[in-house]
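Engineer: Can you read through this structure? Questions will come right after.
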Amino acid sequence: RKLEHVNIVKFIGLVKFNGRKSLLLEYCSSTLRSLLSANPLEKSAISNHAIQIASGVNYLHQNQ
């Protein structure tokens, strides 16, 4: 099944190499960790990120 949502990283595939499995995912230019560690976020930015995460999780629950 194909899931598409702006707040969900796309799964591209699975690769087996030397007995190990690796997931291939869409490239993201930054991570939540890097956003949080760079500078303290203002309340509006925290709220915006929380809403985006909740939107992605809600989409996944609706499309199980």
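Simple scheme: letters A, B, ... for chains in structure tokens order, numbers from 1 for residues in each chain, numbers from 1 for ligands in the order shown.
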Run DSSP on the backbone and give me the residues of chain A it puts in helix (DSSP H, G or I), as number ranges by chain.

Structural biologist: A: 32-38, 43-62

Engineer: Could you save those same residues with N, CA, C and O atoms as a CSV table (one decimal), in the first residue's frame?

Structural biologist:
```csv
chain,number,residue,atom,x,y,z
A,32,LEU,N,14.4,16.3,13.5
A,32,LEU,CA,13.8,16.9,14.6
A,32,LEU,C,14.9,17.2,15.7
A,32,LEU,O,14.9,18.3,16.3
A,33,ARG,N,15.8,16.3,15.8
A,33,ARG,CA,16.9,16.4,16.8
A,33,ARG,C,17.7,17.7,16.5
A,33,ARG,O,18.0,18.4,17.4
A,34,SER,N,18.1,17.9,15.2
A,34,SER,CA,18.9,19.0,14.9
A,34,SER,C,18.1,20.3,15.1
A,34,SER,O,18.7,21.3,15.5
A,35,LEU,N,16.8,20.3,14.8
A,35,LEU,CA,16.0,21.5,15.1
A,35,LEU,C,16.0,21.9,16.6
A,35,LEU,O,16.1,23.0,16.9
A,36,LEU,N,15.8,20.8,17.4
A,36,LEU,CA,15.7,21.1,18.8
A,36,LEU,C,17.0,21.4,19.5
A,36,LEU,O,17.0,22.2,20.5
A,37,SER,N,18.1,20.9,19.0
A,37,SER,CA,19.4,21.2,19.6
A,37,SER,C,20.1,22.5,19.1
A,37,SER,O,21.0,23.0,19.8
A,38,ALA,N,19.7,23.0,18.0
A,38,ALA,CA,20.3,24.2,17.4
A,38,ALA,C,20.0,25.4,18.3
A,38,ALA,O,21.0,26.1,18.7
A,43,LYS,N,7.5,29.2,21.5
A,43,LYS,CA,6.3,28.4,21.7
A,43,LYS,C,5.5,28.2,20.4
A,43,LYS,O,4.9,27.1,20.2
A,44,SER,N,5.5,29.2,19.6
A,44,SER,CA,4.7,29.0,18.3
A,44,SER,C,5.4,27.9,17.4
A,44,SER,O,4.7,27.2,16.8
A,45,ALA,N,6.7,27.8,17.4
A,45,ALA,CA,7.4,26.8,16.6
A,45,ALA,C,7.2,25.4,17.2
A,45,ALA,O,6.9,24.5,16.5
A,46,ILE,N,7.2,25.3,18.5
A,46,ILE,CA,6.9,24.1,19.2
A,46,ILE,C,5.5,23.6,18.9
A,46,ILE,O,5.3,22.4,18.5
A,47,SER,N,4.6,24.5,19.0
A,47,SER,CA,3.2,24.2,18.6
A,47,SER,C,3.0,23.7,17.2
A,47,SER,O,2.3,22.8,16.9
A,48,ASN,N,3.7,24.4,16.3
A,48,ASN,CA,3.6,24.1,14.9
A,48,ASN,C,4.2,22.7,14.6
A,48,ASN,O,3.6,21.9,13.9
A,49,HIS,N,5.3,22.3,15.2
A,49,HIS,CA,5.9,21.0,15.0
A,49,HIS,C,5.0,19.9,15.6
A,49,HIS,O,4.8,18.9,15.0
A,50,ALA,N,4.4,20.2,16.8
A,50,ALA,CA,3.5,19.2,17.4
A,50,ALA,C,2.3,19.0,16.5
A,50,ALA,O,1.9,17.8,16.4
A,51,ILE,N,1.8,20.0,15.9
A,51,ILE,CA,0.6,19.9,15.0
A,51,ILE,C,1.0,19.1,13.8
A,51,ILE,O,0.2,18.2,13.4
A,52,GLN,N,2.2,19.3,13.3
A,52,GLN,CA,2.6,18.5,12.1
A,52,GLN,C,2.8,17.1,12.4
A,52,GLN,O,2.4,16.2,11.6
A,53,ILE,N,3.4,16.8,13.6
A,53,ILE,CA,3.6,15.4,14.0
A,53,ILE,C,2.2,14.7,14.2
A,53,ILE,O,2.0,13.6,13.7
A,54,ALA,N,1.3,15.4,14.9
A,54,ALA,CA,0.0,14.9,15.1
A,54,ALA,C,-0.8,14.6,13.8
A,54,ALA,O,-1.5,13.6,13.7
A,55,SER,N,-0.6,15.5,12.9
A,55,SER,CA,-1.2,15.3,11.6
A,55,SER,C,-0.7,14.1,10.9
A,55,SER,O,-1.5,13.3,10.3
A,56,GLY,N,0.6,13.8,10.9
A,56,GLY,CA,1.1,12.6,10.3
A,56,GLY,C,0.6,11.4,11.0
A,56,GLY,O,0.3,10.4,10.3
A,57,VAL,N,0.6,11.4,12.3
A,57,VAL,CA,0.2,10.2,13.1
A,57,VAL,C,-1.3,9.9,12.8
A,57,VAL,O,-1.7,8.8,12.6
A,58,ASN,N,-2.1,11.0,12.8
A,58,ASN,CA,-3.5,10.9,12.5
A,58,ASN,C,-3.7,10.2,11.1
A,58,ASN,O,-4.6,9.4,11.0
A,59,TYR,N,-3.0,10.7,10.2
A,59,TYR,CA,-3.1,10.1,8.8
A,59,TYR,C,-2.8,8.6,8.8
A,59,TYR,O,-3.5,7.8,8.2
A,60,LEU,N,-1.7,8.2,9.5
A,60,LEU,CA,-1.4,6.8,9.6
A,60,LEU,C,-2.5,6.0,10.3
A,60,LEU,O,-2.9,4.9,9.8
A,61,HIS,N,-3.1,6.5,11.3
A,61,HIS,CA,-4.2,5.8,12.0
A,61,HIS,C,-5.4,5.7,11.1
A,61,HIS,O,-6.1,4.7,11.1
A,62,GLN,N,-5.7,6.7,10.3
A,62,GLN,CA,-6.9,6.7,9.4
A,62,GLN,C,-6.6,5.7,8.2
A,62,GLN,O,-7.6,5.3,7.6
```

Engineer: Which neighbours of A:Glu26 fall inside 7 Å, counting only C-alpha atoms, when residues of the same chain fewer than 6 positions from it are skipped, and could you give them as a count of residues only?

Structural biologist: 4

Engineer: Give the strand (DSSP E) residues of chain A, as DSSP finds them on the backbone, and put them as an NGL selection string.

Structural biologist: :A and (11-17 or 20-25)

Engineer: Would you save the residues from that selection as a short mmCIF file (atom, residue, chain, number, x, y, z; two decimals), in the first residue's frame, using N, CA, C and O atoms?

Structural biologist:
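Everything below was put into selection-v2.cif:
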```cif
data_model
loop_
_atom_site.label_atom_id
_atom_site.label_comp_id
_atom_site.auth_asym_id
_atom_site.auth_seq_id
_atom_site.Cartn_x
_atom_site.Cartn_y
_atom_site.Cartn_z
N PHE A 11 8.79 5.61 2.43
CA PHE A 11 9.54 4.36 2.38
C PHE A 11 9.83 4.05 0.92
O PHE A 11 8.92 3.99 0.10
N ILE A 12 11.10 3.86 0.58
CA ILE A 12 11.49 3.58 -0.80
C ILE A 12 11.72 2.10 -1.02
O ILE A 12 11.32 1.54 -2.03
N GLY A 13 12.35 1.45 -0.05
CA GLY A 13 12.60 0.03 -0.22
C GLY A 13 13.42 -0.57 0.91
O GLY A 13 13.77 0.10 1.87
N LEU A 14 13.73 -1.84 0.74
CA LEU A 14 14.52 -2.60 1.70
C LEU A 14 15.67 -3.24 0.95
O LEU A 14 15.48 -3.81 -0.12
N VAL A 15 16.87 -3.12 1.51
CA VAL A 15 18.07 -3.68 0.87
C VAL A 15 18.72 -4.66 1.83
O VAL A 15 18.86 -4.38 3.02
N LYS A 16 19.12 -5.81 1.30
CA LYS A 16 19.88 -6.79 2.09
C LYS A 16 21.32 -6.76 1.60
O LYS A 16 21.58 -6.87 0.40
N PHE A 17 22.27 -6.61 2.53
CA PHE A 17 23.68 -6.58 2.16
C PHE A 17 24.47 -7.20 3.31
O PHE A 17 24.36 -6.77 4.45
N ARG A 20 22.64 -8.15 6.43
CA ARG A 20 21.97 -7.08 7.17
C ARG A 20 20.91 -6.44 6.30
O ARG A 20 21.06 -6.36 5.09
N LYS A 21 19.85 -5.98 6.93
CA LYS A 21 18.78 -5.31 6.21
C LYS A 21 18.83 -3.81 6.51
O LYS A 21 19.06 -3.40 7.64
N SER A 22 18.60 -3.01 5.48
CA SER A 22 18.56 -1.56 5.63
C SER A 22 17.33 -1.00 4.94
O SER A 22 16.97 -1.45 3.86
N LEU A 23 16.71 -0.04 5.58
CA LEU A 23 15.57 0.65 4.98
C LEU A 23 16.06 1.80 4.13
O LEU A 23 16.96 2.53 4.52
N LEU A 24 15.46 1.96 2.97
CA LEU A 24 15.72 3.12 2.14
C LEU A 24 14.54 4.07 2.31
O LEU A 24 13.41 3.70 2.02
N LEU A 25 14.85 5.28 2.78
CA LEU A 25 13.81 6.26 3.05
C LEU A 25 14.08 7.54 2.28
O LEU A 25 15.21 7.81 1.88
#
```

Engineer: Please report the interatomic distance between atom CA of A:Ser29 and atom CA of A:Arg1 in Å with one decimal.

Structural biologist: 25.4 Å
